[in-house]
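**Q** Just dropping this structure here.
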Amino acid sequence: MESRDIFRYITKQDKATLDRIIERMEFRGKNPVFRGWLMEYLGKLNVTEMGEVLALGCGTGVEIRCLLSLRDFFGRAVGIDLSPELIDAAYNFSAAEGVDSRVEYYIGDVHNLDFEEDRFDAIIAHTLISHVAEPADVLREAARVVKPGGQIFIFDGDYASWSFGYSDPEFGKTMEEAVITSIVNNPRVMRILPRLLQEAGLRFASVTPHHLAEVGKGNFFMSAIESYGALPGKLGLLPEDKVSEWIDEQQRNHEEGAFFASGNYYTYEARRE
Ligand SMILES: C[S@@+](CC[C@H](N)C(=O)[O-])C[C@H]1O[C@@H](n2cnc3c(N)ncnc32)[C@H](O)[C@@H]1O
């Protein structure tokens with residue numbers, strides 16, 4: 001199935017979809033598991049007092065607000081995203097948390113960054129790389145604008161590993177693929193990142209694997225189903241009635257304590273030599 005990733009095509013989304021995306025980004029930002037993974041790598045950033053961190057594909061700025069909330073981070077942040085609506089939301093959320101004086105947001109494409117080379121002390125890409133058209137080009141741009149010796153953290157899902165319990169395994173597999181196709185451009189990119197980093201002239205420094213399993217009750221995955229479960233039907237990838245049956249069964253499983261969903265995530269740390 002050809003990808004229909006709503007994040008890659010964020011500028012083509014209507015207001016209702018953007019509102020749902022904003023709500024969901026903030027929901028995931030508050031999820032203790034995802035927040036823990038994010039805080040873990042933010043805590044590994046070596047940034048001097050005057051340092052600047054660039055967040056690629058920052059969306060509503062969840063990762064930037066977490067960074068600026070760290071007691072021992074005294075630097076500044078710059079966020080860039082394709083979507084003017086998400087950048088507006090990012091400004092508003094930052095102002096509401098009182099950190100807007102330490103952050104600048106730009107509308108732009110991470111394939112072609114409008115920043116001079118060697119500018120940033122560190123770069124983070126929090127669930128961006130799975131959505132872009134050309135991951136290799138984005139990594140090359142990151143390598144260009146980070147200072148020599150600077151860190152680049154790339155966190156994302158290995159979305160091809162997402163799986164859900166379903167009574168009809170065959171349709172279940174088709175549905176998993178269709179959901180992934182609807183929301184992710186590169187569902188297997190985390191498996192080739194070591195090679196892509198090398199090709200971008202970056203040194204692979206470390207990887208931290210993460211596994212999320214929700215069994216019995218769903219939380220993150222149930223919210224993903226509520227936000228994106230209907231997309232395969234709406235996008236014409238699968239019959240809407242079959243998609244509704246799948247969603248209903250997930251909802252029932254959740255209510256009756258019989259839910260199952262799981263997926264793998266990874267945090268890569270790379271360095272510019
Ligand atoms: C899944 S969201 C992650 C948002 C945020 N980093 C977070 O974790 O909450 C992916 C983001 O990447 C942005 N994006 C996708 N392609 C982009 C591109 N080529 N240039 C800049 N941003 C892009 C989308 O607009 C979206 O905000």
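The way I read the labels, and the way they are meant: chains A, B, ... in the order of the structure tokens, residue 1 as the first residue of every chain, and ligand 1 as the first ligand shown, with later ones counted on from there.
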Could you give me, as a PyMOL selection string, the residues within 12 Å of A:Arg195, counting only C-alpha atoms and dropping anything in the same chain fewer than 4 positions from it?

**A** chain A and resi 135-136+139+189-191+199-204+270

**Q** Report as a VMD selection string which protein, DNA and RNA residues come within 7 Å of ligand 1, using only C-alpha atoms and all ligand atoms.

**A** chain A and resid 7 to 8 10 25 to 26 29 56 to 63 80 to 83 86 108 to 111 125 to 128 131 to 133

**Q** Residues of the last selection are to be written out with N, CA and C atoms, as a short mmCIF file (atom, residue, chain, number, x, y, z; two decimals), in the first residue's frame.

**A**
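Output (again_11.cif):
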```cif
data_model
loop_
_atom_site.label_atom_id
_atom_site.label_comp_id
_atom_site.auth_asym_id
_atom_site.auth_seq_id
_atom_site.Cartn_x
_atom_site.Cartn_y
_atom_site.Cartn_z
N PHE A 7 0.95 13.11 8.38
CA PHE A 7 1.97 14.04 8.88
C PHE A 7 2.88 14.51 7.75
N ARG A 8 3.18 13.60 6.84
CA ARG A 8 3.96 14.03 5.66
C ARG A 8 3.15 15.07 4.86
N ILE A 10 0.87 17.13 5.97
CA ILE A 10 0.21 17.90 7.03
C ILE A 10 -0.44 19.17 6.48
N MET A 25 -1.13 14.91 19.85
CA MET A 25 0.29 15.17 20.17
C MET A 25 0.43 15.52 21.66
N GLU A 26 -0.50 16.33 22.13
CA GLU A 26 -0.45 16.73 23.54
C GLU A 26 -0.76 15.54 24.45
N GLY A 29 2.25 13.49 24.56
CA GLY A 29 3.25 14.21 25.34
C GLY A 29 3.08 14.01 26.84
N LEU A 56 13.61 19.13 15.10
CA LEU A 56 13.08 18.98 13.74
C LEU A 56 11.67 18.39 13.80
N GLY A 57 10.73 18.95 13.06
CA GLY A 57 9.37 18.42 13.05
C GLY A 57 8.77 18.49 14.45
N CYS A 58 8.81 19.70 15.03
CA CYS A 58 8.48 19.86 16.45
C CYS A 58 6.98 19.80 16.74
N GLY A 59 6.14 19.90 15.71
CA GLY A 59 4.69 19.86 15.95
C GLY A 59 4.28 20.94 16.94
N THR A 60 3.58 20.54 17.98
CA THR A 60 3.12 21.50 18.99
C THR A 60 4.21 21.83 20.02
N GLY A 61 5.40 21.25 19.84
CA GLY A 61 6.53 21.62 20.70
C GLY A 61 6.62 20.85 22.01
N VAL A 62 6.04 19.66 22.06
CA VAL A 62 6.08 18.85 23.29
C VAL A 62 7.51 18.67 23.77
N GLU A 63 8.41 18.24 22.83
CA GLU A 63 9.79 17.92 23.24
C GLU A 63 10.54 19.18 23.65
N ILE A 80 11.20 23.63 14.31
CA ILE A 80 10.78 23.85 12.92
C ILE A 80 9.76 22.79 12.54
N ASP A 81 8.73 23.22 11.84
CA ASP A 81 7.69 22.30 11.38
C ASP A 81 7.07 22.85 10.09
N LEU A 82 6.57 21.93 9.29
CA LEU A 82 5.93 22.31 8.01
C LEU A 82 4.62 23.05 8.20
N SER A 83 3.96 22.80 9.33
CA SER A 83 2.56 23.25 9.47
C SER A 83 2.45 24.58 10.21
N LEU A 86 0.37 24.11 13.40
CA LEU A 86 1.07 23.47 14.53
C LEU A 86 2.08 24.43 15.15
N GLY A 108 8.91 25.52 8.19
CA GLY A 108 9.88 25.17 7.16
C GLY A 108 9.94 23.68 6.94
N ASP A 109 10.69 23.30 5.91
CA ASP A 109 10.82 21.89 5.52
C ASP A 109 12.17 21.37 5.98
N VAL A 110 12.16 20.29 6.73
CA VAL A 110 13.41 19.75 7.28
C VAL A 110 14.32 19.14 6.21
N HIS A 111 13.82 19.00 4.98
CA HIS A 111 14.69 18.52 3.89
C HIS A 111 15.62 19.63 3.40
N ALA A 125 15.09 14.82 16.82
CA ALA A 125 14.02 14.54 15.85
C ALA A 125 13.10 13.54 16.54
N HIS A 126 12.03 14.05 17.13
CA HIS A 126 11.14 13.21 17.94
C HIS A 126 9.93 12.82 17.09
N THR A 127 9.89 11.58 16.72
CA THR A 127 8.88 11.02 15.80
C THR A 127 8.69 11.88 14.55
N LEU A 128 9.80 12.17 13.93
CA LEU A 128 9.77 12.88 12.64
C LEU A 128 10.21 11.97 11.49
N HIS A 131 8.13 10.01 9.15
CA HIS A 131 7.09 10.71 8.38
C HIS A 131 7.61 11.44 7.14
N VAL A 132 8.92 11.66 7.06
CA VAL A 132 9.40 12.53 5.99
C VAL A 132 9.50 11.78 4.66
N ALA A 133 9.54 12.57 3.57
CA ALA A 133 9.62 11.95 2.24
C ALA A 133 10.98 11.26 2.04
#
```

**Q** So which residues touch stretch 229-235 of chain A within 9 Å, counting only C-alpha atoms, skipping near sequence neighbours fewer than 5 positions away, as a VMD selection string?

**A** chain A and resid 4 175 178 to 179 181 to 183 224 240 to 244 246 to 247

**Q** Can you write just those residues out, N, CA and C atoms, as an mmCIF file, in the first residue's frame?

**A**
```
data_model
loop_
_atom_site.group_PDB
_atom_site.id
_atom_site.type_symbol
_atom_site.label_atom_id
_atom_site.label_comp_id
_atom_site.auth_asym_id
_atom_site.auth_seq_id
_atom_site.Cartn_x
_atom_site.Cartn_y
_atom_site.Cartn_z
ATOM 1 N N ARG A 4 -0.052 7.163 2.872
ATOM 2 C CA ARG A 4 -0.929 8.345 2.826
ATOM 3 C C ARG A 4 -0.692 9.184 4.079
ATOM 4 N N MET A 175 -5.512 -4.752 8.305
ATOM 5 C CA MET A 175 -5.902 -3.502 8.971
ATOM 6 C C MET A 175 -4.675 -2.833 9.613
ATOM 7 N N ALA A 178 -2.876 -1.113 6.961
ATOM 8 C CA ALA A 178 -3.608 0.054 6.445
ATOM 9 C C ALA A 178 -3.523 1.223 7.422
ATOM 10 N N VAL A 179 -3.611 0.940 8.726
ATOM 11 C CA VAL A 179 -3.491 2.029 9.724
ATOM 12 C C VAL A 179 -2.099 2.642 9.612
ATOM 13 N N THR A 181 -0.049 2.599 7.072
ATOM 14 C CA THR A 181 0.054 3.336 5.806
ATOM 15 C C THR A 181 -0.597 4.714 5.899
ATOM 16 N N SER A 182 -1.672 4.806 6.701
ATOM 17 C CA SER A 182 -2.406 6.076 6.819
ATOM 18 C C SER A 182 -1.654 7.109 7.642
ATOM 19 N N ILE A 183 -0.764 6.658 8.512
ATOM 20 C CA ILE A 183 -0.142 7.643 9.414
ATOM 21 C C ILE A 183 1.387 7.679 9.345
ATOM 22 N N ALA A 224 -4.858 6.026 19.840
ATOM 23 C CA ALA A 224 -4.454 6.011 18.423
ATOM 24 C C ALA A 224 -5.606 5.485 17.562
ATOM 25 N N GLU A 240 -15.287 0.571 4.602
ATOM 26 C CA GLU A 240 -15.551 1.267 5.878
ATOM 27 C C GLU A 240 -16.246 0.357 6.893
ATOM 28 N N ASP A 241 -17.125 -0.571 6.413
ATOM 29 C CA ASP A 241 -17.832 -1.415 7.384
ATOM 30 C C ASP A 241 -16.861 -2.384 8.077
ATOM 31 N N LYS A 242 -15.882 -2.901 7.317
ATOM 32 C CA LYS A 242 -14.899 -3.829 7.926
ATOM 33 C C LYS A 242 -14.018 -3.073 8.929
ATOM 34 N N VAL A 243 -13.696 -1.836 8.581
ATOM 35 C CA VAL A 243 -12.878 -1.008 9.474
ATOM 36 C C VAL A 243 -13.652 -0.729 10.763
ATOM 37 N N SER A 244 -14.958 -0.419 10.618
ATOM 38 C CA SER A 244 -15.789 -0.146 11.809
ATOM 39 C C SER A 244 -15.870 -1.375 12.706
ATOM 40 N N TRP A 246 -13.651 -3.648 13.064
ATOM 41 C CA TRP A 246 -12.348 -3.777 13.745
ATOM 42 C C TRP A 246 -12.273 -2.794 14.916
ATOM 43 N N ILE A 247 -12.693 -1.548 14.658
ATOM 44 C CA ILE A 247 -12.648 -0.529 15.728
ATOM 45 C C ILE A 247 -13.569 -0.941 16.879
#
```

**Q** Can you tell me how far atom CA of A:Tyr159 sits from atom CA of A:Leu212, in Å to one decimal?

**A** 11.6 Å

**Q** Name the residues in contact with A:Ile123 at a cut-off of 8 Å, using only C-alpha atoms, excluding same-chain residues fewer than 3 positions from it; report them as a VMD selection string.

**A** chain A and resid 53 to 56 120 142 146 150 to 153

**Q** So, with only C-alpha atoms as the atoms that count, which of A:Gln250, A:Gln198, A:Ser101, A:Ser94 lies closest to A:Ser167?

**A**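 Under the stated criterion, the closest residue is A:Gln250.
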
**Q** Mind giving me the straight-line distance from atom CA of A:Tyr266 to atom CA of A:Ile192 in Å, one decimal?

**A**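 Taking atom CA of A:Tyr266 and atom CA of A:Ile192, their separation equals 12.0 Å.
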
**Q** Write out as an MDAnalysis selection string the set of residues from stretch 21-76 of chain A that DSSP, computed on the backbone, places in helix (DSSP H, G or I).

**A** chainID A and resid 21:30 32:42 62:69

**Q** Calculated over only C-alpha atoms, which of the candidates A:Val78, A:Ile87, A:Ala96, A:Leu68 has the smallest distance to A:Arg119?

**A**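 So, comparing all the options, the nearest one is A:Val78.
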
**Q** With distances taken over only C-alpha atoms, which of A:Gly75, A:Pro32, A:Gly157, A:Gly98 is nearest to A:Ser130?

**A** A:Gly157

**Q** Between atom CA of A:Ala258 and atom CA of A:Gly218, what is the distance, to one decimal in Å?

**A**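 Between these atoms lies a distance of 9.1 Å.
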
**Q** Fewer than 4 positions away in the same chain doesn't count, so skip those; otherwise give me all residues within 10 Å of A:Met50, counting only C-alpha atoms, as an NGL selection string.

**A** :A and (73-76 or 121)

**Q** Got a sec to tell me which of stretch 162-210 of chain A DSSP assigns to strand (DSSP E or B), as a list in words?

**A**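 Listing strand (DSSP E or B) positions across stretch 162-210 of chain A yields Trp162, Ser163, Phe164, Leu202, Arg203, Phe204, Ala205, Ser206, Val207, Thr208, Pro209 and His210 of chain A.
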
**Q** Determine the nearest neighbour of A:Glu226 from the options A:Gln13, A:Gly172, A:Ile129, A:Gln251, counting only C-alpha atoms.

**A**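 Ranking A:Gln13, A:Gly172, A:Ile129, A:Gln251 by distance to A:Glu226, first place goes to A:Gln251.
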
**Q** Select, from A:Ile6, A:Ala122, A:Leu42, A:Glu116, the residue with the minimum atom-to-atom distance to A:Leu18, counting only C-alpha atoms.

**A** A:Ile6
